[in-house]
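*Asks:* Below are the structure tokens for one structure; questions will follow.
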Amino acid sequence: MGPAAGLAALLAVLALRAGDPAGAAARGDTFSALTSVARALAPERRLLGLLRRYLRGEEARLRDLTRFYDKVLSLHEDSATPVSNPLLAFTLIKRLQSDWRNVVHSLEASENIRALKDGYEKVEQDLPAFEDVEGAARALMRLQDVYMLNVKGLARGVFQRVVGSAVTDLYSPRRLFSLTADDCFQVGKVAYDMGDYYHAIPWLEEAVSLFRGSYGEWKTEDEASLEDALDHLAFAYFQAGNVSCALSLSREFLLYSPDNKRMARNVLKYEKLLAESPNQVVAEAVIQRPNVPHLQTRDTYEGLCQTLGSQPTHYQIPSLYCSYETNSSPYLQLQPVRKEVIHLEPYVVLYHDFVSDVEAQKIRGLAEPWLQRSVVASGEKQLPVEYRISKSAWLKDTVDPLLVTLDHRIGALTGLDVQPPYAEYLQVVNYGIGGHYEPHFDHATLSSVEAGGATAFIYANFSVPVVKWPTSGYMSMDRSSADPAAQALKTKMLAERSWWSPVTFQRSQKPKARLGEEKGELPSGRGPCLHCLFLAKGSGLYQGTPENSQTISQSRMDGQYKEGGKRARGRSFWDSDTL
């Protein structure tokens, strides 16, 4: 991170401090952080309360109307009712002149619906915007792409990868939740409106299928219909080059809406095109996934997220081991950090239980009121972008003593000065639906999730799955840099639950003498680079490895334990953690 980015980060913190934290958390971008999505439950609960009162009012009104109906019907069903009875004659005349008018023009129904509308208007300002629907739909498409999920499966509520005849279950939610025809239509329409027919067609196909199965069963909450889905799908196929499918779907549309002149003209147009090119009758659309110009490593990135790359197998590589780490620090003598070496080139280390559950929960609570949409530098501006979907907040160590304690722990383990001006503030990041940060020249991690999620080391050809509570760090000391701010330690911590994402440290300090430098043991022209991942429980992850790096020799270790070797002293922690 250069000086400009550091200054921008500082300004971001000052802006947050000057503003209203509750307002900052509530404004827009609901889809970009799962904590915002969770917060959206509150206005819906209020809407449910309003609807419950409306239903009770309507139920009482309908019971009264049913009583009136039954009373009058019973008089008509009694064929022996003599109209000559003066009392019956009077009530008949009164009903026709007065009672029916009062029933038909009753204000009770309009008063009930007016109360519901008034309540909705009061809540409306707290509801997600249409942009959030678009963002959430794109997130589903992103998950669909990265994990090769089957759209039909997603519509049924299952997360399956289908390759040929092989079906793999990637995630089993605690509660199966299927999508409606209108849900699928809205996802497809978002892609359709962007001209992305690669994603639009399968989602609109599923919408058409579901609408066909429930045709005639109108639902109040639905915005679309079978005709809408057929209309969009037909044109999507035409745009994709499949005129035959476009014609078939357009003809089906006219069965339900024969007076639609626009669709009739489309049918004539498609028929003419097919008559001029008979080979189009059997043509199938070969639709390419939209290209992402700024992400040249997309296939590698997604492949590593799916397969985890060339993962080493524990106990098979002797150079991968576990130990207790003190870094010769008195601070860590009584409570050494449990270290696991998981990769050598680049050198990647996990420190288990670096942040406790209680600490992570506290940090999450401190940061949550300040979360705002994450941005990236664009010239002199900071802008939200599609390739970074999350919200973030910055915390000073003066906010809570816990942050001071955490700084001391990081300093003891790394030997770095983590106090200003060599350190930036703690950054807490919360990812949204399908939240991500695409490969970039920095680092990023994802939070613990129920399924999927990994950080891909693209050039090293391996990836590390996300887990609960890791802190990942990157420390780079470049000998050729004249700017002290260019040397950085970047650390991330994961907070609680699957939807809570990494906390980010970004530290910088003046270069110090490196191990082996005084004796001239390092190759000339190459500066050492140490890549660390600090972990609370399970495995950790890191992204953004420089290609030209030199591993610093390991610190002396307390209670070293090597796989396949003898343990000098201390206890192995393989038996106490599920890895």
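Labels for the structure tokens follow display order: chains A, B, ..., residues from 1 in each chain, ligands from 1.
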Taking only C-alpha atoms into account, produce a table as a tab-separated table in which each residue of range 143-260 of chain A with an atom at most 12 Å from an atom of range 421-438 of chain A appears once, together with its shortest atom pair and the distance in Å to one decimal, ordered by chain and rising number.
*Replies:*
residue	atom	partner	partner_atom	distance
A:Leu143	CA	A:Gly434	CA	6.0
A:Gln144	CA	A:Gly434	CA	9.6
A:Asp145	CA	A:Gly434	CA	10.8
A:Val146	CA	A:Gly434	CA	9.8
A:Tyr147	CA	A:Gly434	CA	11.0
*Asks:* Could you write out that same residue set with all heavy atoms as a PDB file, in the first residue's frame?
*Replies:*
ATOM      1  N   LEU A 143     -21.742 -16.908  -7.752  1.00  0.00           N
ATOM      2  CA  LEU A 143     -21.631 -18.215  -7.105  1.00  0.00           C
ATOM      3  C   LEU A 143     -21.832 -19.331  -8.123  1.00  0.00           C
ATOM      4  O   LEU A 143     -21.149 -20.357  -8.097  1.00  0.00           O
ATOM      5  CB  LEU A 143     -22.667 -18.333  -5.986  1.00  0.00           C
ATOM      6  CG  LEU A 143     -22.459 -17.416  -4.773  1.00  0.00           C
ATOM      7  CD1 LEU A 143     -23.652 -17.509  -3.839  1.00  0.00           C
ATOM      8  CD2 LEU A 143     -21.177 -17.764  -4.038  1.00  0.00           C
ATOM      9  N   GLN A 144     -22.778 -19.121  -9.023  1.00  0.00           N
ATOM     10  CA  GLN A 144     -23.046 -20.093 -10.088  1.00  0.00           C
ATOM     11  C   GLN A 144     -21.807 -20.344 -10.925  1.00  0.00           C
ATOM     12  O   GLN A 144     -21.485 -21.500 -11.260  1.00  0.00           O
ATOM     13  CB  GLN A 144     -24.191 -19.556 -10.965  1.00  0.00           C
ATOM     14  CG  GLN A 144     -24.453 -20.314 -12.240  1.00  0.00           C
ATOM     15  CD  GLN A 144     -25.381 -19.544 -13.171  1.00  0.00           C
ATOM     16  OE1 GLN A 144     -26.022 -18.576 -12.783  1.00  0.00           O
ATOM     17  NE2 GLN A 144     -25.429 -19.970 -14.423  1.00  0.00           N
ATOM     18  N   ASP A 145     -21.067 -19.287 -11.238  1.00  0.00           N
ATOM     19  CA  ASP A 145     -19.885 -19.403 -12.082  1.00  0.00           C
ATOM     20  C   ASP A 145     -18.705 -20.015 -11.345  1.00  0.00           C
ATOM     21  O   ASP A 145     -18.078 -20.969 -11.820  1.00  0.00           O
ATOM     22  CB  ASP A 145     -19.481 -18.026 -12.613  1.00  0.00           C
ATOM     23  CG  ASP A 145     -20.475 -17.480 -13.620  1.00  0.00           C
ATOM     24  OD1 ASP A 145     -21.244 -18.282 -14.177  1.00  0.00           O
ATOM     25  OD2 ASP A 145     -20.496 -16.262 -13.840  1.00  0.00           O
ATOM     26  N   VAL A 146     -18.380 -19.437 -10.170  1.00  0.00           N
ATOM     27  CA  VAL A 146     -17.171 -19.847  -9.464  1.00  0.00           C
ATOM     28  C   VAL A 146     -17.235 -21.312  -9.051  1.00  0.00           C
ATOM     29  O   VAL A 146     -16.247 -22.039  -9.122  1.00  0.00           O
ATOM     30  CB  VAL A 146     -16.933 -18.944  -8.240  1.00  0.00           C
ATOM     31  CG1 VAL A 146     -15.784 -19.467  -7.394  1.00  0.00           C
ATOM     32  CG2 VAL A 146     -16.642 -17.511  -8.692  1.00  0.00           C
ATOM     33  N   TYR A 147     -18.417 -21.763  -8.634  1.00  0.00           N
ATOM     34  CA  TYR A 147     -18.537 -23.139  -8.145  1.00  0.00           C
ATOM     35  C   TYR A 147     -19.275 -24.056  -9.121  1.00  0.00           C
ATOM     36  O   TYR A 147     -19.612 -25.178  -8.776  1.00  0.00           O
ATOM     37  CB  TYR A 147     -19.237 -23.144  -6.783  1.00  0.00           C
ATOM     38  CG  TYR A 147     -18.430 -22.398  -5.755  1.00  0.00           C
ATOM     39  CD1 TYR A 147     -18.799 -21.128  -5.338  1.00  0.00           C
ATOM     40  CD2 TYR A 147     -17.257 -22.937  -5.232  1.00  0.00           C
ATOM     41  CE1 TYR A 147     -18.044 -20.417  -4.418  1.00  0.00           C
ATOM     42  CE2 TYR A 147     -16.495 -22.244  -4.316  1.00  0.00           C
ATOM     43  CZ  TYR A 147     -16.892 -20.990  -3.908  1.00  0.00           C
ATOM     44  OH  TYR A 147     -16.135 -20.297  -3.001  1.00  0.00           O
TER      45      TYR A 147
END
*Asks:* Can you check which residues of range 58-294 of chain A DSSP gives as strand (DSSP E or B) on the backbone and send them as a list in words?
*Replies:*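 These are the residues in question: Leu149, Phe159, Gln160, Arg161, Val162, Val163, Ala166, Val167, Thr168, Asp169, Leu170 and Tyr171 of chain A.
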*Asks:* Write the residues of the preceding selection, restricted to all heavy atoms, as a compact mmCIF listing (two decimals), in the first residue's frame.
*Replies:*
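Ended up saving to out-v3.txt:
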# COMPACT_ATOMS: atom_id res chain seq x y z
N LEU A 149 -22.33 -24.12 -10.29
CA LEU A 149 -23.58 -24.59 -9.72
C LEU A 149 -24.65 -24.73 -10.80
O LEU A 149 -24.73 -23.93 -11.73
CB LEU A 149 -24.06 -23.62 -8.63
CG LEU A 149 -23.14 -23.46 -7.43
CD1 LEU A 149 -23.70 -22.43 -6.47
CD2 LEU A 149 -22.95 -24.79 -6.71
N PHE A 159 -27.36 -26.99 -3.72
CA PHE A 159 -26.15 -26.42 -4.31
C PHE A 159 -25.33 -27.58 -4.86
O PHE A 159 -24.58 -28.23 -4.15
CB PHE A 159 -25.37 -25.64 -3.25
CG PHE A 159 -26.10 -24.43 -2.75
CD1 PHE A 159 -27.16 -24.56 -1.87
CD2 PHE A 159 -25.73 -23.16 -3.16
CE1 PHE A 159 -27.84 -23.45 -1.40
CE2 PHE A 159 -26.40 -22.05 -2.70
CZ PHE A 159 -27.47 -22.19 -1.83
N GLN A 160 -25.50 -27.81 -6.17
CA GLN A 160 -24.87 -28.95 -6.81
C GLN A 160 -24.03 -28.51 -8.00
O GLN A 160 -24.41 -27.60 -8.75
CB GLN A 160 -25.93 -29.95 -7.30
CG GLN A 160 -26.71 -30.61 -6.19
CD GLN A 160 -27.76 -31.56 -6.73
OE1 GLN A 160 -28.31 -31.36 -7.81
NE2 GLN A 160 -28.06 -32.62 -5.98
N ARG A 161 -22.89 -29.19 -8.15
CA ARG A 161 -22.08 -29.02 -9.34
C ARG A 161 -22.35 -30.20 -10.24
O ARG A 161 -22.20 -31.36 -9.83
CB ARG A 161 -20.60 -28.95 -8.99
CG ARG A 161 -19.68 -28.82 -10.22
CD ARG A 161 -18.23 -28.92 -9.83
NE ARG A 161 -17.87 -27.83 -8.93
CZ ARG A 161 -17.02 -27.92 -7.93
NH1 ARG A 161 -16.45 -29.09 -7.66
NH2 ARG A 161 -16.73 -26.89 -7.17
N VAL A 162 -22.77 -29.93 -11.47
CA VAL A 162 -23.10 -30.99 -12.42
C VAL A 162 -22.13 -30.89 -13.59
O VAL A 162 -22.13 -29.91 -14.33
CB VAL A 162 -24.55 -30.88 -12.92
CG1 VAL A 162 -24.84 -31.98 -13.93
CG2 VAL A 162 -25.53 -30.95 -11.75
N VAL A 163 -21.29 -31.91 -13.73
CA VAL A 163 -20.35 -31.99 -14.85
C VAL A 163 -20.59 -33.32 -15.54
O VAL A 163 -20.23 -34.38 -15.02
CB VAL A 163 -18.88 -31.89 -14.36
CG1 VAL A 163 -17.94 -31.98 -15.54
CG2 VAL A 163 -18.67 -30.60 -13.58
N ALA A 166 -21.80 -36.53 -13.63
CA ALA A 166 -21.36 -36.46 -12.23
C ALA A 166 -22.05 -35.30 -11.53
O ALA A 166 -22.02 -34.16 -12.00
CB ALA A 166 -19.84 -36.29 -12.16
N VAL A 167 -22.67 -35.59 -10.39
CA VAL A 167 -23.36 -34.58 -9.59
C VAL A 167 -22.70 -34.54 -8.21
O VAL A 167 -22.62 -35.57 -7.53
CB VAL A 167 -24.86 -34.88 -9.45
CG1 VAL A 167 -25.54 -33.84 -8.58
CG2 VAL A 167 -25.52 -34.94 -10.82
N THR A 168 -22.24 -33.38 -7.81
CA THR A 168 -21.56 -33.23 -6.52
C THR A 168 -22.31 -32.22 -5.66
O THR A 168 -22.55 -31.09 -6.09
CB THR A 168 -20.11 -32.74 -6.71
OG1 THR A 168 -19.43 -33.62 -7.60
CG2 THR A 168 -19.38 -32.69 -5.38
N ASP A 169 -22.70 -32.62 -4.46
CA ASP A 169 -23.33 -31.70 -3.51
C ASP A 169 -22.25 -30.88 -2.82
O ASP A 169 -21.39 -31.42 -2.13
CB ASP A 169 -24.15 -32.47 -2.47
CG ASP A 169 -25.41 -33.09 -3.07
OD1 ASP A 169 -26.04 -32.43 -3.91
OD2 ASP A 169 -25.74 -34.22 -2.70
N LEU A 170 -22.30 -29.56 -2.99
CA LEU A 170 -21.29 -28.69 -2.42
C LEU A 170 -21.72 -28.09 -1.09
O LEU A 170 -20.88 -27.66 -0.30
CB LEU A 170 -20.97 -27.55 -3.39
CG LEU A 170 -20.45 -27.98 -4.77
CD1 LEU A 170 -20.15 -26.75 -5.61
CD2 LEU A 170 -19.20 -28.84 -4.63
N TYR A 171 -23.00 -28.02 -0.83
CA TYR A 171 -23.49 -27.36 0.38
C TYR A 171 -24.87 -27.90 0.70
O TYR A 171 -25.72 -28.03 -0.18
CB TYR A 171 -23.55 -25.84 0.13
CG TYR A 171 -24.27 -25.03 1.17
CD1 TYR A 171 -24.01 -25.19 2.53
CD2 TYR A 171 -25.20 -24.06 0.80
CE1 TYR A 171 -24.67 -24.43 3.48
CE2 TYR A 171 -25.85 -23.28 1.73
CZ TYR A 171 -25.59 -23.48 3.07
OH TYR A 171 -26.24 -22.71 4.01
*Asks:* List every residue of range 215-432 of chain A that DSSP, applied to the backbone of this structure, assigns to helix (DSSP H, G or I), and report them as a PyMOL selection string.
*Replies:* chain A and resi 226-239+243-256+261-276+278-282+298-307+330-333+357-370+401-414
*Asks:* Tell me which protein, DNA and RNA residues are within 12 Å of Ala229 in chain A, counting only C-alpha atoms, leaving out same-chain ones fewer than 2 positions away, and put them as a count of residues only.
*Replies:* 38
*Asks:* What separation in Å, quoted to one decimal, exists between CA of Ser463 in chain A and CA of Ala33 in chain A?
*Replies:*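 CA of Ser463 in chain A sits 23.7 Å away from CA of Ala33 in chain A.
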*Asks:* Using only C-alpha atoms, which of A:Asp417, A:Asp132, A:Val358, A:Arg156 sits nearest Thr30 in chain A?
*Replies:*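 Selected residue with least distance to Thr30 in chain A: A:Asp132.
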